[in-house]
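**Q** Take this structure, written in structure tokens, and hold onto it; I'll ask about it next.
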Amino acid sequence: MIRVLIADDHPVVRQGLRTFLDLQDDITVVGEAADGAQAVELVGELSPDVLLLDLKMPVLDGLGTLERLSGVATRIVVLTSVSDPSDVGPAMRAGAAGFLYKDVDPPALVQAVRAVHGGQVLLAPEAAEAMMAAPAGGAAPAPVPLTEREREVLALIAAGRSNREIARSLAVAEKTVKTHVSNVLMKLGVQDRTQAALYAVRHGLA
């Protein structure tokens with residue numbers, strides 16, 4: 001069962017999301033927060049698998065919430081009605097595992113919750129375009145040269161696959177996959193698989 005926490009300052013939005021998500025056999029809503037500070041508190045108390053997080057909230061906004069929750073196991077999906085492209089990069093760099101807009105189709109939202117829970121990084125098409133059009137630090141850096149096998153491994157990381165699943169998919173030893181993953185992280189200059197997956201999305205490698 002995927003345990004979801006909803007953080008949004010509009011009661012109608014929270015109720016609508018809860019009603020729909022609770023209809024799913026594999027998802028349960030464990031709590032609701034009306035602002036970012038309450039969301040941080042409830043993540044600590046409830047340890048949800050996935051947090052659906054609005055960006056514009058009182059007390060503590062979405063970015064502040066992401067920063068406070070840095071390092072937690074909960075996977076965080078930004079769900080916002082604001083379509084400012086400049087919001088996407090800071091949110092993803094602050095630790096979001098997904099970025100969606102509130103006009104997303106309900107079935108697509110359910111799939112997103114499942115995908116992010118499974119380890120994937122998920123961006124709405126407009127958010128992905130914003131990430132590629134406006135990367136951190138101005139001009140887009142050239143993609144890092146990876147070997148063909150490393151590119152395959154990176155694509156599978158972005159799909160949320162574990163080392164064991166990657167080994168099975170590529171018909172190689174799990175130890176070999178660990179070496180490839182280490183090389184990929186080192187070449188990309190990133191610290192973890194989520195950041196590597198985000199790089200893959202930004203550069204069209206996923």
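Each chain of the structure tokens is named A, B, ... in the order shown, its residues numbered from 1; ligands are numbered from 1 in display order.
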Can you pull out every residue within 9 Å of stretch 57-59 of chain A, counting only C-alpha atoms, but drop anything in the same chain fewer than 2 positions away, and send it as a PyMOL selection string?

**A** chain A and resi 7-9+34-38+54-55+61-62

**Q** Out of chain A, which residues get strand (DSSP E) from DSSP, as a PyMOL selection string?

**A** chain A and resi 2-7+27-33+50-53+75-80+98-101+122-123

**Q** Determine, counting only C-alpha atoms, which protein, DNA and RNA residues have an atom within 9 Å of an atom of stretch 144-160 of chain A; residues of the same chain fewer than 4 positions away are not included. Present the result as a count of residues only.

**A** 27

**Q** Restricting the calculation to only C-alpha atoms, which member of A:Lys178, A:Arg161, A:His117, A:Lys102 is positioned closest to A:Arg14?

**A**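 Counting only C-alpha atoms, the residue closest to A:Arg14 is A:Lys102.
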
**Q** I'd like to know which of A:Arg75, A:Arg68, A:Arg202, A:Arg164 is closest to A:Ala112, using only C-alpha atoms.

**A**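 Checking each candidate against A:Ala112, we get A:Arg75 as the closest.
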
**Q** Enumerate, as a PyMOL selection string, the complete set of residues in stretch 13-162 of chain A that a backbone-based DSSP assignment places in alpha helix (DSSP H).

**A** chain A and resi 13-21+36-46+62-68+88-93+106-117+125-133+148-158

**Q** Generate the output file for the selected residues, C-alpha atoms, as an mmCIF file, in the first residue's frame.

**A**
data_model
loop_
_atom_site.group_PDB
_atom_site.id
_atom_site.type_symbol
_atom_site.label_atom_id
_atom_site.label_comp_id
_atom_site.auth_asym_id
_atom_site.auth_seq_id
_atom_site.Cartn_x
_atom_site.Cartn_y
_atom_site.Cartn_z
ATOM 1 C CA VAL A 13 -8.233 20.542 -3.550
ATOM 2 C CA ARG A 14 -7.214 18.313 -0.638
ATOM 3 C CA GLN A 15 -10.661 16.739 -0.470
ATOM 4 C CA GLY A 16 -10.746 16.102 -4.220
ATOM 5 C CA LEU A 17 -7.309 14.486 -4.222
ATOM 6 C CA ARG A 18 -8.117 12.371 -1.161
ATOM 7 C CA THR A 19 -11.422 11.184 -2.607
ATOM 8 C CA PHE A 20 -9.852 10.075 -5.867
ATOM 9 C CA LEU A 21 -6.664 8.553 -4.436
ATOM 10 C CA GLY A 36 4.337 23.747 4.561
ATOM 11 C CA ALA A 37 5.168 23.756 8.260
ATOM 12 C CA GLN A 38 2.337 21.317 8.938
ATOM 13 C CA ALA A 39 3.549 19.164 6.042
ATOM 14 C CA VAL A 40 7.038 18.936 7.563
ATOM 15 C CA GLU A 41 5.530 18.004 10.929
ATOM 16 C CA LEU A 42 3.258 15.319 9.438
ATOM 17 C CA VAL A 43 6.047 13.787 7.358
ATOM 18 C CA GLY A 44 7.972 13.364 10.607
ATOM 19 C CA GLU A 45 4.970 11.827 12.369
ATOM 20 C CA LEU A 46 3.509 9.665 9.591
ATOM 21 C CA GLY A 62 6.755 24.487 -1.184
ATOM 22 C CA LEU A 63 10.448 25.240 -1.752
ATOM 23 C CA GLY A 64 10.976 25.882 1.951
ATOM 24 C CA THR A 65 9.211 22.603 2.691
ATOM 25 C CA LEU A 66 11.446 20.711 0.248
ATOM 26 C CA GLU A 67 14.532 22.169 1.886
ATOM 27 C CA ARG A 68 13.300 21.214 5.384
ATOM 28 C CA VAL A 88 10.814 23.768 -11.845
ATOM 29 C CA GLY A 89 14.609 23.832 -11.521
ATOM 30 C CA PRO A 90 14.764 25.024 -7.896
ATOM 31 C CA ALA A 91 12.126 22.471 -6.863
ATOM 32 C CA MET A 92 13.934 19.562 -8.513
ATOM 33 C CA ARG A 93 17.303 20.653 -7.142
ATOM 34 C CA PRO A 106 -6.599 11.989 -12.394
ATOM 35 C CA PRO A 107 -5.499 8.605 -13.849
ATOM 36 C CA ALA A 108 -2.166 10.186 -14.837
ATOM 37 C CA LEU A 109 -1.746 11.500 -11.296
ATOM 38 C CA VAL A 110 -2.309 8.007 -9.902
ATOM 39 C CA GLN A 111 0.293 6.601 -12.306
ATOM 40 C CA ALA A 112 2.672 9.376 -11.257
ATOM 41 C CA VAL A 113 2.284 8.490 -7.576
ATOM 42 C CA ARG A 114 3.034 4.844 -8.392
ATOM 43 C CA ALA A 115 5.995 5.725 -10.628
ATOM 44 C CA VAL A 116 7.620 8.076 -8.118
ATOM 45 C CA HIS A 117 7.038 5.571 -5.321
ATOM 46 C CA PRO A 125 6.063 17.708 -20.334
ATOM 47 C CA GLU A 126 6.021 21.483 -19.762
ATOM 48 C CA ALA A 127 8.179 21.072 -16.657
ATOM 49 C CA ALA A 128 10.676 18.897 -18.550
ATOM 50 C CA GLU A 129 10.886 21.551 -21.275
ATOM 51 C CA ALA A 130 11.509 24.209 -18.626
ATOM 52 C CA MET A 131 14.315 22.134 -17.102
ATOM 53 C CA MET A 132 16.015 21.707 -20.472
ATOM 54 C CA ALA A 133 15.463 25.321 -21.538
ATOM 55 C CA GLU A 148 27.025 3.167 -24.800
ATOM 56 C CA ARG A 149 26.665 0.774 -21.869
ATOM 57 C CA GLU A 150 26.726 3.640 -19.355
ATOM 58 C CA ARG A 151 23.954 5.370 -21.313
ATOM 59 C CA GLU A 152 21.911 2.158 -21.107
ATOM 60 C CA VAL A 153 22.509 1.975 -17.358
ATOM 61 C CA LEU A 154 21.562 5.644 -16.930
ATOM 62 C CA ALA A 155 18.301 5.158 -18.840
ATOM 63 C CA LEU A 156 17.433 2.203 -16.590
ATOM 64 C CA ILE A 157 18.295 4.229 -13.472
ATOM 65 C CA ALA A 158 15.905 6.924 -14.705
#

**Q** Have a look at atom CA of A:Leu52 and atom CA of A:Ser162 and let me know their distance in Å, one decimal.

**A**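 Separation between atom CA of A:Leu52 and atom CA of A:Ser162: 23.9 Å.
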
**Q** Please determine, counting only C-alpha atoms, which residue among A:Leu53, A:Ala171, A:Met1, A:Leu100 has the shortest atom-to-atom distance to A:Ala124.

**A** A:Leu100

**Q** Would you pick out the contacts of A:Val50 at 6 Å or less, using only C-alpha atoms, so that residues sharing its chain but fewer than 5 positions from it are not included, and give the list as a list in words?

**A**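 My reading of the contact set: Val4, Thr74, Arg75 and Ile76 of chain A.
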
**Q** Just C-alpha atoms for this one: save the residues we selected as a short mmCIF file (atom, residue, chain, number, x, y, z; two decimals), in the first residue's frame.

**A**
data_model
loop_
_atom_site.label_atom_id
_atom_site.label_comp_id
_atom_site.auth_asym_id
_atom_site.auth_seq_id
_atom_site.Cartn_x
_atom_site.Cartn_y
_atom_site.Cartn_z
CA VAL A 4 0.26 9.46 0.59
CA THR A 74 9.45 10.28 1.55
CA ARG A 75 9.29 10.87 -2.22
CA ILE A 76 7.94 14.35 -2.95
#

**Q** So how far away is atom CA of A:Pro85 from atom CA of A:Val12, in Å?

**A** 25.4 Å

**Q** Between atom CA of A:Gln191 and atom CA of A:Ile2, what is the distance in Å, rounded to a tenth?

**A**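 The value is 26.2 Å.
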
**Q** Here is a test: counting only C-alpha atoms, which residue of A:Ala96, A:Val190, A:Leu60, A:Ile27 is nearest to A:Ala73?

**A**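 Closest residue, counting only C-alpha atoms: A:Ala96.
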